[in-house]
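One structure is given below, encoded as structure tokens.
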Amino acid sequence: MLHGASSEFLAELEALGRDATLLPDWPWRVRGTGVPCQPQAYRIESTRVAVAQGVNALPKLLARDLDIRRNTNVLSLALDGGSLHVTSAAGTESARTVVLTCPVDQTRALLQPLAAHCAEIRSILGLLAGVFTLPSLTVLAGYEPRRDDDWHLQLPGPDSILHSVIHDSSKRPGPATVLVIQSRSSFSRPRLESDPASWSDQVLDAAADLLGPWVRNPTWVQNHRWRYARVQRGHELAHPILVTLPGGARIGLCGDAFHPEGGVEGAFLSGVALGRRLSAIPV
Ligand SMILES: Cc1cc2nc3c(=O)[nH]c(=O)nc-3n(C[C@H](O)[C@H](O)[C@H](O)COP(=O)(O)OP(=O)(O)OC[C@H]3O[C@@H](n4cnc5c(N)ncnc54)[C@H](O)[C@@H]3O)c2cc1C
């Protein structure tokens, strides 16, 4: 689901609506007393939509004119005078300005080797130390189509190992009922390194307790280990970061941890703010 209240983000949602099918106000059939992962989505001033084509339709729209190399894991960053060297399995490239948009834990890992000789990086790492991310072991499960599902989102509350169950197929007509079953971080964290076979059935069992025994018999299952599923609400920093290092190279940081709104809107707004700062301060 996408949601926002800022005019800039809402303009992008409107543009998205020209190509994609948006379901206004989804989810409106919410069951249970748990707290949603993005409570701000339900504020009166927020616009909330589901995207029938999937939530990644928005980043695809935003990235339409960009040269993007996907599936390229950055292994290290090194500072060399006025340049930053970015190394991946495909080789090393150099730039005067590098922007990191990874989850903060992965940003910390990339910045750590630069800290020994750079006070600016030590300051950033100090700030990032206060930002906690939450993992979520999640099961996507498909079933024969069901006609008795009149809900969009289940929020079972603190007594369940589940944080939420999303009725994904309620967003788009299709040949199957599809559930996205997200476990709580307290369940997920101690099992992050375990074989999915050891937790997948527990997650399905908890969903069956909520919805009925049919949930235990999916036609297909995908297990996802979301190591950094989301930023703990309230831990977001106020704005993106841009530092100039000795020698003149610059590192920028943005993403959902760098705007108080959090979530997709926060990630978008932090990127817009960082882009403005970068273009206002020429290298
Ligand atoms: C199941 C689930 C449901 C959610 N529902 C909502 C919702 O309804 N509404 C909402 O607003 N938000 C929701 N969120 C949160 C939302 O997905 C995030 O807030 C948002 O994706 C953050 O965007 P981002 O660009 O900051 O980071 P991300 O989307 O996490 O992108 C970071 C990228 O960096 C890449 N990366 C990391 N390390 C490296 C490296 N070393 N080299 C190269 N690339 C790297 C990662 O692969 C990833 O693609 C949900 C999250 C989950 C997991």
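Naming works like this for the structure tokens: A, B, ... for the chains as they're shown, residue 1 at the start of each chain, ligands 1 onward in shown order.
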(message) Using only C-alpha atoms and all ligand atoms, which residues have at least one atom no more than 6 Å from ligand 1? Output them as a PyMOL selection string.
(response) chain A and resi 1-2+72-75+101-103+106+229-230+255-256+263-265+267
Just-selected residues, N, CA and C atoms written as an mmCIF file, in the first residue's frame:
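Writing the result to again-v6.cif gives the following:
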data_model
loop_
_atom_site.group_PDB
_atom_site.id
_atom_site.type_symbol
_atom_site.label_atom_id
_atom_site.label_comp_id
_atom_site.auth_asym_id
_atom_site.auth_seq_id
_atom_site.Cartn_x
_atom_site.Cartn_y
_atom_site.Cartn_z
ATOM 1 N N MET A 1 0.843 -1.177 0.000
ATOM 2 C CA MET A 1 0.000 0.000 0.000
ATOM 3 C C MET A 1 0.894 1.247 0.000
ATOM 4 N N LEU A 2 0.452 2.269 -0.690
ATOM 5 C CA LEU A 2 1.192 3.531 -0.694
ATOM 6 C C LEU A 2 0.324 4.569 -0.012
ATOM 7 N N THR A 72 23.346 -5.632 -8.283
ATOM 8 C CA THR A 72 24.773 -5.328 -8.153
ATOM 9 C C THR A 72 25.049 -4.963 -6.701
ATOM 10 N N ASN A 73 25.626 -5.905 -5.990
ATOM 11 C CA ASN A 73 25.849 -5.700 -4.565
ATOM 12 C C ASN A 73 27.138 -4.922 -4.351
ATOM 13 N N VAL A 74 27.045 -3.746 -3.728
ATOM 14 C CA VAL A 74 28.266 -2.977 -3.442
ATOM 15 C C VAL A 74 28.982 -3.631 -2.267
ATOM 16 N N LEU A 75 30.236 -3.981 -2.488
ATOM 17 C CA LEU A 75 30.996 -4.714 -1.467
ATOM 18 C C LEU A 75 31.769 -3.782 -0.561
ATOM 19 N N THR A 101 21.565 4.542 -0.228
ATOM 20 C CA THR A 101 20.134 4.460 0.111
ATOM 21 C C THR A 101 19.784 3.082 0.670
ATOM 22 N N CYS A 102 20.792 2.366 1.170
ATOM 23 C CA CYS A 102 20.539 1.026 1.739
ATOM 24 C C CYS A 102 19.850 1.177 3.097
ATOM 25 N N PRO A 103 19.285 0.096 3.609
ATOM 26 C CA PRO A 103 18.873 0.108 5.015
ATOM 27 C C PRO A 103 20.068 0.498 5.896
ATOM 28 N N GLN A 106 23.062 -1.801 6.621
ATOM 29 C CA GLN A 106 23.991 -2.036 5.515
ATOM 30 C C GLN A 106 24.806 -0.780 5.205
ATOM 31 N N ALA A 229 13.204 -5.221 7.551
ATOM 32 C CA ALA A 229 11.883 -4.975 6.949
ATOM 33 C C ALA A 229 11.470 -3.519 7.083
ATOM 34 N N ARG A 230 11.712 -2.932 8.232
ATOM 35 C CA ARG A 230 11.310 -1.539 8.396
ATOM 36 C C ARG A 230 12.063 -0.897 9.545
ATOM 37 N N GLY A 255 16.734 7.735 2.388
ATOM 38 C CA GLY A 255 15.958 6.500 2.512
ATOM 39 C C GLY A 255 14.945 6.679 3.634
ATOM 40 N N ASP A 256 14.215 5.599 3.947
ATOM 41 C CA ASP A 256 13.106 5.755 4.898
ATOM 42 C C ASP A 256 13.555 6.108 6.311
ATOM 43 N N GLY A 263 8.547 5.061 5.989
ATOM 44 C CA GLY A 263 7.892 4.327 4.905
ATOM 45 C C GLY A 263 8.301 4.843 3.524
ATOM 46 N N VAL A 264 7.491 4.511 2.555
ATOM 47 C CA VAL A 264 7.812 4.865 1.170
ATOM 48 C C VAL A 264 7.789 6.386 0.984
ATOM 49 N N GLU A 265 6.803 7.048 1.603
ATOM 50 C CA GLU A 265 6.755 8.511 1.446
ATOM 51 C C GLU A 265 8.007 9.156 2.055
ATOM 52 N N ALA A 267 10.966 7.803 2.421
ATOM 53 C CA ALA A 267 12.116 7.514 1.549
ATOM 54 C C ALA A 267 12.113 8.471 0.354
#
(message) DSSP on the backbone: which residues in region 5-235 of chain A end up as helix (DSSP H, G or I)? Give the answer as an NGL selection string.
(response) :A and (7-19 or 39-42 or 57-62 or 104-117 or 119-128 or 168-171 or 185-191 or 196-198 or 200-211 or 213-216)
(request) Could you tell me which of A:Arg233, A:His117, A:Arg108, A:His224 comes closest to Val35 (chain A) if we count only C-alpha atoms? (result) A:Arg233
(message) Could you list, as a ChimeraX atom specification, every residue within 9 Å of Leu245 (chain A), counting only C-alpha atoms and ignoring same-chain residues fewer than 2 positions away?
(response) /A:79,82,118-121,243,247-251
Just write the chosen residues, N, CA and C atoms, as a PDB file, in the first residue's frame.
ATOM      1  N   LEU A  79      37.925   5.729   0.272  1.00  0.00           N
ATOM      2  CA  LEU A  79      38.197   7.148   0.008  1.00  0.00           C
ATOM      3  C   LEU A  79      39.631   7.285  -0.486  1.00  0.00           C
ATOM      4  N   GLY A  82      40.161  13.029  -3.437  1.00  0.00           N
ATOM      5  CA  GLY A  82      38.847  13.636  -3.652  1.00  0.00           C
ATOM      6  C   GLY A  82      37.847  12.694  -4.277  1.00  0.00           C
ATOM      7  N   CYS A 118      38.530   9.265   9.410  1.00  0.00           N
ATOM      8  CA  CYS A 118      37.607  10.314   8.976  1.00  0.00           C
ATOM      9  C   CYS A 118      36.585  10.638  10.073  1.00  0.00           C
ATOM     10  N   ALA A 119      36.763  11.811  10.708  1.00  0.00           N
ATOM     11  CA  ALA A 119      35.879  12.182  11.821  1.00  0.00           C
ATOM     12  C   ALA A 119      34.435  12.346  11.344  1.00  0.00           C
ATOM     13  N   GLU A 120      34.247  12.831  10.097  1.00  0.00           N
ATOM     14  CA  GLU A 120      32.887  13.036   9.577  1.00  0.00           C
ATOM     15  C   GLU A 120      32.134  11.709   9.537  1.00  0.00           C
ATOM     16  N   ILE A 121      32.830  10.643   9.119  1.00  0.00           N
ATOM     17  CA  ILE A 121      32.175   9.323   9.049  1.00  0.00           C
ATOM     18  C   ILE A 121      31.866   8.825  10.467  1.00  0.00           C
ATOM     19  N   VAL A 243      27.624  14.958   3.696  1.00  0.00           N
ATOM     20  CA  VAL A 243      28.886  15.434   4.284  1.00  0.00           C
ATOM     21  C   VAL A 243      29.956  15.528   3.202  1.00  0.00           C
ATOM     22  N   GLY A 247      39.375  16.428   1.308  1.00  0.00           N
ATOM     23  CA  GLY A 247      39.701  16.139  -0.096  1.00  0.00           C
ATOM     24  C   GLY A 247      38.561  16.523  -1.029  1.00  0.00           C
ATOM     25  N   GLY A 248      37.338  16.696  -0.479  1.00  0.00           N
ATOM     26  CA  GLY A 248      36.231  17.224  -1.284  1.00  0.00           C
ATOM     27  C   GLY A 248      35.201  16.209  -1.741  1.00  0.00           C
ATOM     28  N   ALA A 249      35.455  14.903  -1.567  1.00  0.00           N
ATOM     29  CA  ALA A 249      34.416  13.924  -1.950  1.00  0.00           C
ATOM     30  C   ALA A 249      33.217  14.066  -1.014  1.00  0.00           C
ATOM     31  N   ARG A 250      32.031  13.691  -1.542  1.00  0.00           N
ATOM     32  CA  ARG A 250      30.820  13.861  -0.722  1.00  0.00           C
ATOM     33  C   ARG A 250      30.079  12.531  -0.599  1.00  0.00           C
ATOM     34  N   ILE A 251      29.535  12.318   0.607  1.00  0.00           N
ATOM     35  CA  ILE A 251      28.667  11.151   0.820  1.00  0.00           C
ATOM     36  C   ILE A 251      27.296  11.655   1.250  1.00  0.00           C
TER      37      ILE A 251
END
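For Ser83 (chain A), the non-local neighbours within 6 Å, defined as residues at least 3 positions apart in the same chain or in other chains and counting only C-alpha atoms, are Asp80, Ala95, Arg96 and Ala249 of chain A.
Minimum atom-to-atom distances from A:Asn71, A:Gln222, A:Ser94, A:Asn56 to Thr138 (chain A) were compared using only C-alpha atoms, and the lowest value belongs to A:Gln222.
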